[in-house]
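Asker: protein_15.pdb (PDB, C-alpha atoms) pasted underneath:
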```
MODEL        1
ATOM      1  CA  MET T   1     -26.913 -28.822  15.508  1.00  0.00           C
ATOM      2  CA  PRO T   2     -25.467 -27.331  12.287  1.00  0.00           C
ATOM      3  CA  ALA T   3     -21.730 -26.978  11.887  1.00  0.00           C
ATOM      4  CA  LYS T   4     -20.383 -23.618  12.879  1.00  0.00           C
ATOM      5  CA  THR T   5     -18.189 -21.722  10.456  1.00  0.00           C
ATOM      6  CA  ILE T   6     -15.642 -19.382  11.944  1.00  0.00           C
ATOM      7  CA  ARG T   7     -14.179 -16.891   9.544  1.00  0.00           C
ATOM      8  CA  SER T   8     -11.039 -15.070  10.424  1.00  0.00           C
ATOM      9  CA  PRO T   9     -10.931 -11.460   9.361  1.00  0.00           C
ATOM     10  CA  ARG T  10      -8.988 -10.841   6.173  1.00  0.00           C
ATOM     11  CA  LEU T  11      -5.462  -9.655   6.795  1.00  0.00           C
ATOM     12  CA  PRO T  12      -4.719  -6.220   5.349  1.00  0.00           C
ATOM     13  CA  ALA T  13      -2.956  -6.796   2.010  1.00  0.00           C
ATOM     14  CA  VAL T  14       0.106  -4.707   1.183  1.00  0.00           C
ATOM     15  CA  ALA T  15       1.890  -4.647  -2.170  1.00  0.00           C
ATOM     16  CA  VAL T  16       5.613  -3.890  -2.147  1.00  0.00           C
ATOM     17  CA  VAL T  17       7.224  -2.716  -5.395  1.00  0.00           C
ATOM     18  CA  ASP T  18      11.008  -2.369  -5.361  1.00  0.00           C
ATOM     19  CA  ASP T  19      13.669  -3.486  -7.821  1.00  0.00           C
ATOM     20  CA  ASP T  20      16.084  -4.282  -4.964  1.00  0.00           C
ATOM     21  CA  GLU T  21      15.468  -7.893  -3.939  1.00  0.00           C
ATOM     22  CA  ALA T  22      16.956  -7.418  -0.470  1.00  0.00           C
ATOM     23  CA  VAL T  23      14.614  -4.499   0.238  1.00  0.00           C
ATOM     24  CA  ARG T  24      11.592  -6.424  -1.092  1.00  0.00           C
ATOM     25  CA  GLU T  25      12.380  -9.442   1.061  1.00  0.00           C
ATOM     26  CA  ALA T  26      13.095  -7.397   4.192  1.00  0.00           C
ATOM     27  CA  LEU T  27       9.849  -5.440   3.842  1.00  0.00           C
ATOM     28  CA  SER T  28       7.865  -8.583   3.088  1.00  0.00           C
ATOM     29  CA  ASP T  29       9.295 -10.413   6.110  1.00  0.00           C
ATOM     30  CA  LEU T  30       8.591  -7.417   8.356  1.00  0.00           C
ATOM     31  CA  LEU T  31       5.013  -7.044   7.122  1.00  0.00           C
ATOM     32  CA  VAL T  32       4.214 -10.743   7.494  1.00  0.00           C
ATOM     33  CA  VAL T  33       5.608 -10.800  11.047  1.00  0.00           C
ATOM     34  CA  LEU T  34       3.448  -7.767  11.852  1.00  0.00           C
ATOM     35  CA  GLY T  35       0.310  -9.542  10.632  1.00  0.00           C
ATOM     36  CA  PHE T  36      -0.112  -8.236   7.103  1.00  0.00           C
ATOM     37  CA  ALA T  37      -0.560 -10.193   3.907  1.00  0.00           C
ATOM     38  CA  CYS T  38       2.158  -9.121   1.485  1.00  0.00           C
ATOM     39  CA  GLN T  39       2.870  -9.568  -2.199  1.00  0.00           C
ATOM     40  CA  THR T  40       6.085  -8.285  -3.755  1.00  0.00           C
ATOM     41  CA  PHE T  41       6.892  -7.074  -7.266  1.00  0.00           C
ATOM     42  CA  ASP T  42      10.265  -6.225  -8.789  1.00  0.00           C
ATOM     43  CA  ARG T  43       8.974  -3.402 -10.967  1.00  0.00           C
ATOM     44  CA  ALA T  44       5.912  -1.246 -11.564  1.00  0.00           C
ATOM     45  CA  GLU T  45       4.931  -3.128 -14.716  1.00  0.00           C
ATOM     46  CA  ALA T  46       4.772  -6.440 -12.817  1.00  0.00           C
ATOM     47  CA  PHE T  47       2.524  -4.830 -10.219  1.00  0.00           C
ATOM     48  CA  MET T  48       0.228  -3.356 -12.890  1.00  0.00           C
ATOM     49  CA  ALA T  49      -0.063  -6.778 -14.565  1.00  0.00           C
ATOM     50  CA  ALA T  50      -1.430  -8.169 -11.265  1.00  0.00           C
ATOM     51  CA  TYR T  51      -3.375  -5.056 -10.255  1.00  0.00           C
ATOM     52  CA  ALA T  52      -7.089  -5.307  -9.574  1.00  0.00           C
ATOM     53  CA  PRO T  53      -9.127  -2.611  -7.819  1.00  0.00           C
ATOM     54  CA  HIS T  54      -9.583  -3.216  -4.077  1.00  0.00           C
ATOM     55  CA  HIS T  55      -7.195  -6.202  -4.058  1.00  0.00           C
ATOM     56  CA  PHE T  56      -4.536  -4.389  -2.025  1.00  0.00           C
ATOM     57  CA  ASP T  57      -5.132  -2.158   0.977  1.00  0.00           C
ATOM     58  CA  CYS T  58      -1.872  -0.241   0.549  1.00  0.00           C
ATOM     59  CA  LEU T  59       1.045   0.092  -1.851  1.00  0.00           C
ATOM     60  CA  ILE T  60       4.634   0.638  -0.737  1.00  0.00           C
ATOM     61  CA  THR T  61       6.816   1.551  -3.697  1.00  0.00           C
ATOM     62  CA  ASP T  62      10.339   2.665  -4.427  1.00  0.00           C
ATOM     63  CA  VAL T  63      10.852   5.686  -6.671  1.00  0.00           C
ATOM     64  CA  SER T  64      13.814   4.722  -8.862  1.00  0.00           C
ATOM     65  CA  MET T  65      13.279   1.464 -10.741  1.00  0.00           C
ATOM     66  CA  PRO T  66      13.858   0.239 -14.280  1.00  0.00           C
ATOM     67  CA  GLY T  67      10.896   1.042 -16.498  1.00  0.00           C
ATOM     68  CA  ARG T  68       8.133   3.021 -14.789  1.00  0.00           C
ATOM     69  CA  SER T  69       9.171   4.836 -11.600  1.00  0.00           C
ATOM     70  CA  GLY T  70       7.223   4.596  -8.367  1.00  0.00           C
ATOM     71  CA  LEU T  71       5.995   8.153  -8.897  1.00  0.00           C
ATOM     72  CA  GLU T  72       4.764   7.245 -12.379  1.00  0.00           C
ATOM     73  CA  LEU T  73       3.096   4.151 -10.911  1.00  0.00           C
ATOM     74  CA  GLN T  74       1.301   6.310  -8.360  1.00  0.00           C
ATOM     75  CA  GLU T  75       0.169   8.672 -11.144  1.00  0.00           C
ATOM     76  CA  ARG T  76      -1.089   5.768 -13.262  1.00  0.00           C
ATOM     77  CA  LEU T  77      -3.116   4.369 -10.358  1.00  0.00           C
ATOM     78  CA  ARG T  78      -4.738   7.776  -9.811  1.00  0.00           C
ATOM     79  CA  GLU T  79      -5.533   7.975 -13.548  1.00  0.00           C
ATOM     80  CA  LEU T  80      -7.327   4.631 -13.172  1.00  0.00           C
ATOM     81  CA  GLY T  81      -9.373   6.082 -10.313  1.00  0.00           C
ATOM     82  CA  SER T  82      -7.632   4.144  -7.563  1.00  0.00           C
ATOM     83  CA  SER T  83      -7.795   5.574  -4.062  1.00  0.00           C
ATOM     84  CA  MET T  84      -5.422   2.935  -2.699  1.00  0.00           C
ATOM     85  CA  PRO T  85      -3.076   4.517  -0.145  1.00  0.00           C
ATOM     86  CA  VAL T  86       0.536   4.802  -1.335  1.00  0.00           C
ATOM     87  CA  ILE T  87       3.681   5.047   0.763  1.00  0.00           C
ATOM     88  CA  ILE T  88       6.799   6.042  -1.170  1.00  0.00           C
ATOM     89  CA  ILE T  89      10.230   4.807  -0.076  1.00  0.00           C
ATOM     90  CA  THR T  90      13.326   6.206  -1.724  1.00  0.00           C
ATOM     91  CA  ALA T  91      17.048   6.755  -1.425  1.00  0.00           C
ATOM     92  CA  ASP T  92      16.467  10.166  -3.061  1.00  0.00           C
ATOM     93  CA  ALA T  93      16.083  12.629  -0.200  1.00  0.00           C
ATOM     94  CA  SER T  94      15.578  15.644  -2.467  1.00  0.00           C
ATOM     95  CA  PRO T  95      12.760  18.040  -1.596  1.00  0.00           C
ATOM     96  CA  ALA T  96      11.565  17.885  -5.231  1.00  0.00           C
ATOM     97  CA  THR T  97      11.018  14.107  -5.071  1.00  0.00           C
ATOM     98  CA  ARG T  98       9.258  14.393  -1.723  1.00  0.00           C
ATOM     99  CA  ALA T  99       7.044  17.223  -2.982  1.00  0.00           C
ATOM    100  CA  ARG T 100       6.122  15.306  -6.152  1.00  0.00           C
ATOM    101  CA  ALA T 101       5.289  12.170  -4.146  1.00  0.00           C
ATOM    102  CA  LEU T 102       3.095  14.010  -1.654  1.00  0.00           C
ATOM    103  CA  SER T 103       1.405  16.232  -4.247  1.00  0.00           C
ATOM    104  CA  GLY T 104       0.666  13.064  -6.232  1.00  0.00           C
ATOM    105  CA  GLY T 105      -1.257  11.686  -3.281  1.00  0.00           C
ATOM    106  CA  ALA T 106       1.310   9.638  -1.357  1.00  0.00           C
ATOM    107  CA  LEU T 107       0.519   9.485   2.327  1.00  0.00           C
ATOM    108  CA  ALA T 108       4.206   9.409   3.231  1.00  0.00           C
ATOM    109  CA  CYS T 109       7.582   9.694   1.532  1.00  0.00           C
ATOM    110  CA  LEU T 110      10.214   7.860   3.574  1.00  0.00           C
ATOM    111  CA  THR T 111      13.956   7.897   2.973  1.00  0.00           C
ATOM    112  CA  LYS T 112      15.879   4.612   2.800  1.00  0.00           C
ATOM    113  CA  PRO T 113      16.971   2.948   4.921  1.00  0.00           C
ATOM    114  CA  VAL T 114      13.424   3.030   6.251  1.00  0.00           C
ATOM    115  CA  ASN T 115      12.974   2.875  10.008  1.00  0.00           C
ATOM    116  CA  ASP T 116      10.629  -0.066  10.752  1.00  0.00           C
ATOM    117  CA  ASP T 117       8.738   1.805  13.472  1.00  0.00           C
ATOM    118  CA  VAL T 118       8.177   4.849  11.255  1.00  0.00           C
ATOM    119  CA  LEU T 119       6.954   2.667   8.382  1.00  0.00           C
ATOM    120  CA  LEU T 120       4.629   0.745  10.691  1.00  0.00           C
ATOM    121  CA  HIS T 121       3.256   3.994  12.122  1.00  0.00           C
ATOM    122  CA  HIS T 122       2.421   5.320   8.640  1.00  0.00           C
ATOM    123  CA  LEU T 123       1.027   1.983   7.486  1.00  0.00           C
ATOM    124  CA  GLN T 124      -1.180   1.557  10.552  1.00  0.00           C
ATOM    125  CA  SER T 125      -2.526   5.114  10.441  1.00  0.00           C
ATOM    126  CA  THR T 126      -3.198   4.697   6.707  1.00  0.00           C
ATOM    127  CA  LEU T 127      -5.139   1.491   7.240  1.00  0.00           C
ATOM    128  CA  ASP T 128      -6.974   2.935  10.265  1.00  0.00           C
ATOM    129  CA  ARG T 129      -8.110   5.906   8.150  1.00  0.00           C
ATOM    130  CA  ALA T 130      -9.190   3.591   5.337  1.00  0.00           C
ATOM    131  CA  GLY T 131     -11.152   1.435   7.802  1.00  0.00           C
ATOM    132  CA  ARG T 132     -12.913   4.466   9.281  1.00  0.00           C
ATOM    133  CA  SER T 133     -13.708   5.719   5.791  1.00  0.00           C
ATOM    134  CA  GLN T 134     -15.235   2.361   4.823  1.00  0.00           C
ATOM    135  CA  SER T 135     -17.320   2.221   8.021  1.00  0.00           C
ATOM    136  CA  ASP T 136     -18.438   5.829   7.408  1.00  0.00           C
ATOM    137  CA  ASP T 137     -19.508   4.792   3.899  1.00  0.00           C
ATOM    138  CA  ARG T 138     -21.521   1.898   5.343  1.00  0.00           C
ATOM    139  CA  GLN T 139     -23.196   4.210   7.884  1.00  0.00           C
ATOM    140  CA  ASP T 140     -24.216   6.588   5.100  1.00  0.00           C
ATOM    141  CA  THR T 141     -25.885   3.781   3.174  1.00  0.00           C
ATOM    142  CA  PRO T 142     -29.675   3.880   3.589  1.00  0.00           C
ATOM    143  CA  SER T 143     -31.113   0.847   5.333  1.00  0.00           C
ATOM    144  CA  ASP T 144     -34.209  -1.102   4.368  1.00  0.00           C
ATOM    145  CA  GLU T 145     -35.781  -0.807   7.841  1.00  0.00           C
TER     146      GLU T 145
ENDMDL
END
```
Mind converting the file's structure to C-alpha coordinates?
Answerer:
Amino acid sequence: MPAKTIRSPRLPAVAVVDDDEAVREALSDLLVVLGFACQTFDRAEAFMAAYAPHHFDCLITDVSMPGRSGLELQERLRELGSSMPVIIITADASPATRARALSGGALACLTKPVNDDVLLHHLQSTLDRAGRSQSDDRQDTPSDE
(Lines of atoms letter the chains of each structure in order from A and count residues from 1; the text may use other names and numbers.)
(Lines give C-alpha, C1' and ligand atoms only; values in the text may rest on other atoms or scores of the structure.)
Protein backbone atom coordinates (compact mmCIF):
# COMPACT_ATOMS: atom_id res chain seq x y z
CA MET A 1 0.00 0.00 0.00
CA PRO A 2 1.48 3.39 -0.98
CA ALA A 3 2.35 5.91 1.70
CA LYS A 4 -0.36 8.41 2.40
CA THR A 5 0.46 12.10 2.34
CA ILE A 6 -1.61 14.34 4.54
CA ARG A 7 -1.38 18.00 3.75
CA SER A 8 -2.54 20.53 6.23
CA PRO A 9 -4.30 23.52 4.78
CA ARG A 10 -2.12 26.60 4.45
CA LEU A 11 -2.58 29.05 7.28
CA PRO A 12 -3.82 32.47 6.17
CA ALA A 13 -0.74 34.72 5.94
CA VAL A 14 -0.95 38.23 7.37
CA ALA A 15 1.70 40.93 6.98
CA VAL A 16 1.99 43.50 9.76
CA VAL A 17 3.75 46.79 8.98
CA ASP A 18 4.34 49.11 11.93
CA ASP A 19 7.39 51.07 13.04
CA ASP A 20 6.53 50.48 16.72
CA GLU A 21 8.21 47.22 17.75
CA ALA A 22 5.84 46.65 20.68
CA VAL A 23 2.81 46.93 18.40
CA ARG A 24 4.37 44.63 15.79
CA GLU A 25 5.18 41.99 18.39
CA ALA A 26 1.78 42.20 20.09
CA LEU A 27 -0.07 41.86 16.78
CA SER A 28 2.19 39.04 15.64
CA ASP A 29 1.72 37.12 18.90
CA LEU A 30 -2.05 37.61 18.74
CA LEU A 31 -2.27 36.47 15.12
CA VAL A 32 -0.13 33.38 15.68
CA VAL A 33 -2.21 32.36 18.72
CA LEU A 34 -5.35 32.77 16.60
CA GLY A 35 -3.98 30.44 13.92
CA PHE A 36 -2.58 32.83 11.33
CA ALA A 37 0.86 32.86 9.79
CA CYS A 38 2.38 36.29 10.37
CA GLN A 39 5.36 38.21 9.07
CA THR A 40 6.25 41.63 10.46
CA PHE A 41 7.99 44.63 8.89
CA ASP A 42 9.19 47.83 10.54
CA ARG A 43 8.42 50.07 7.57
CA ALA A 44 6.64 50.09 4.22
CA GLU A 45 9.89 49.85 2.25
CA ALA A 46 10.86 46.61 4.04
CA PHE A 47 7.46 45.14 3.21
CA MET A 48 7.74 46.17 -0.46
CA ALA A 49 11.20 44.56 -0.67
CA ALA A 50 9.61 41.23 0.39
CA TYR A 51 6.32 41.72 -1.46
CA ALA A 52 5.20 39.14 -4.00
CA PRO A 53 1.67 38.93 -5.41
CA HIS A 54 -0.57 36.42 -3.60
CA HIS A 55 2.03 35.75 -0.87
CA PHE A 56 -0.02 37.44 1.85
CA ASP A 57 -3.75 37.10 2.39
CA CYS A 58 -4.06 40.41 4.25
CA LEU A 59 -2.00 43.45 5.20
CA ILE A 60 -2.34 45.27 8.51
CA THR A 61 -0.47 48.56 8.42
CA ASP A 62 0.05 51.63 10.54
CA VAL A 63 -0.41 55.04 8.93
CA SER A 64 2.42 57.13 10.38
CA MET A 65 5.85 55.60 9.82
CA PRO A 66 9.25 56.86 8.71
CA GLY A 67 9.54 56.84 4.93
CA ARG A 68 6.37 55.76 3.11
CA SER A 69 3.17 55.97 5.17
CA GLY A 70 0.69 53.12 5.41
CA LEU A 71 -1.70 55.07 3.19
CA GLU A 72 1.04 55.50 0.58
CA LEU A 73 1.81 51.78 0.87
CA GLN A 74 -1.83 50.96 0.22
CA GLU A 75 -1.83 53.28 -2.82
CA ARG A 76 1.35 51.69 -4.18
CA LEU A 77 -0.11 48.19 -3.86
CA ARG A 78 -3.22 49.28 -5.78
CA GLU A 79 -0.98 50.82 -8.47
CA LEU A 80 0.69 47.41 -8.80
CA GLY A 81 -2.73 45.81 -9.29
CA SER A 82 -2.87 44.13 -5.90
CA SER A 83 -6.29 43.26 -4.53
CA MET A 84 -4.85 42.15 -1.19
CA PRO A 85 -7.17 43.25 1.63
CA VAL A 86 -5.75 46.05 3.80
CA ILE A 87 -6.65 46.93 7.37
CA ILE A 88 -5.32 50.29 8.55
CA ILE A 89 -4.44 50.84 12.21
CA THR A 90 -3.59 54.31 13.42
CA ALA A 91 -3.34 56.61 16.41
CA ASP A 92 -4.73 59.36 14.15
CA ALA A 93 -8.48 59.37 14.71
CA SER A 94 -9.15 62.22 12.28
CA PRO A 95 -12.04 61.81 9.85
CA ALA A 96 -9.72 62.84 6.98
CA THR A 97 -7.32 59.94 7.65
CA ARG A 98 -10.20 57.49 7.97
CA ALA A 99 -11.81 58.76 4.76
CA ARG A 100 -8.52 58.54 2.83
CA ALA A 101 -7.89 55.00 4.09
CA LEU A 102 -11.36 53.76 3.18
CA SER A 103 -11.52 55.58 -0.16
CA GLY A 104 -8.13 54.04 -0.96
CA GLY A 105 -9.61 50.59 -0.54
CA ALA A 106 -8.92 49.71 3.10
CA LEU A 107 -11.51 47.34 4.49
CA ALA A 108 -11.25 48.90 7.94
CA CYS A 109 -9.53 51.82 9.64
CA LEU A 110 -9.06 51.05 13.34
CA THR A 111 -7.83 53.46 16.00
CA LYS A 112 -5.00 52.44 18.33
CA PRO A 113 -5.04 50.89 20.79
CA VAL A 114 -6.80 48.30 18.65
CA ASN A 115 -9.36 46.09 20.35
CA ASP A 116 -8.35 42.45 19.67
CA ASP A 117 -11.93 41.30 19.12
CA VAL A 118 -12.66 44.11 16.66
CA LEU A 119 -9.45 43.40 14.72
CA LEU A 120 -10.21 39.67 14.63
CA HIS A 121 -13.76 40.36 13.42
CA HIS A 122 -12.49 42.50 10.52
CA LEU A 123 -9.70 40.07 9.69
CA GLN A 124 -11.99 37.04 9.69
CA SER A 125 -14.69 38.71 7.60
CA THR A 126 -12.00 39.91 5.16
CA LEU A 127 -10.57 36.43 4.77
CA ASP A 128 -14.05 34.87 4.54
CA ARG A 129 -14.93 37.26 1.69
CA ALA A 130 -11.64 36.51 -0.06
CA GLY A 131 -12.26 32.75 0.28
CA ARG A 132 -15.77 33.06 -1.15
CA SER A 133 -14.44 35.18 -4.00
CA GLN A 134 -11.79 32.57 -4.83
CA SER A 135 -14.34 29.73 -4.74
CA ASP A 136 -16.68 31.81 -6.94
CA ASP A 137 -13.81 32.26 -9.40
CA ARG A 138 -13.23 28.49 -9.45
CA GLN A 139 -16.95 27.84 -10.05
CA ASP A 140 -16.93 30.23 -13.00
CA THR A 141 -14.04 28.38 -14.61
CA PRO A 142 -15.24 26.13 -17.44
CA SER A 143 -14.64 22.44 -16.83
CA ASP A 144 -13.32 19.90 -19.30
CA GLU A 145 -16.25 17.49 -18.77
Asker: Would you mind listing, for every residue of range 115-134 of chain T within 12 Å of range 21-34 of chain T, the two atoms forming the shortest contact and the distance between them in Å to one decimal, using all atoms listed in the file, sorted by chain and ascending residue number, as a tab-separated table?
Answerer:
```
residue	atom	partner	partner_atom	distance
T:Asn115	CA	T:Leu27	CA	10.8
T:Asp116	CA	T:Leu30	CA	8.0
T:Asp117	CA	T:Leu30	CA	10.5
T:Leu119	CA	T:Leu27	CA	9.7
T:Leu120	CA	T:Leu31	CA	8.6
T:His121	CA	T:Leu34	CA	11.8
T:Leu123	CA	T:Leu31	CA	9.9
T:Gln124	CA	T:Leu34	CA	10.5
```
Asker: Using all atoms listed in the file for the distances, tell me which of T:Leu77, T:Val114, T:Ala106, T:Ala15 is nearest to Gln39 in chain T.
Answerer: T:Ala15
Asker: Using all atoms listed in the file, which of T:Pro53, T:Pro95, T:Gly104, T:Pro113 sits nearest Glu75 in chain T?
Answerer: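 Looking at the shortest contact to Glu75 in chain T, the residue is T:Gly104.
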Asker: Using the chain letters and residue numbers of this document, give as number ranges by chain the residues selected by the PyMOL selection byres ((chain T and resi 59) around 12).
Answerer: T: 12-18, 27, 37-41, 44, 47-48, 51, 54-58, 60-62, 70-71, 73-74, 77, 82-89, 105-108, 122-123, 126-127
Asker: For CA of Asp20 in chain T and CA of Phe36 in chain T, quote the distance in Å rounded to one decimal.
Answerer: 20.6 Å
Asker: Which distance in Å separates CA of Ala96 in chain T and CA of Arg129 in chain T, to one decimal?
Answerer: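 Between these atoms lies a distance of 26.6 Å.
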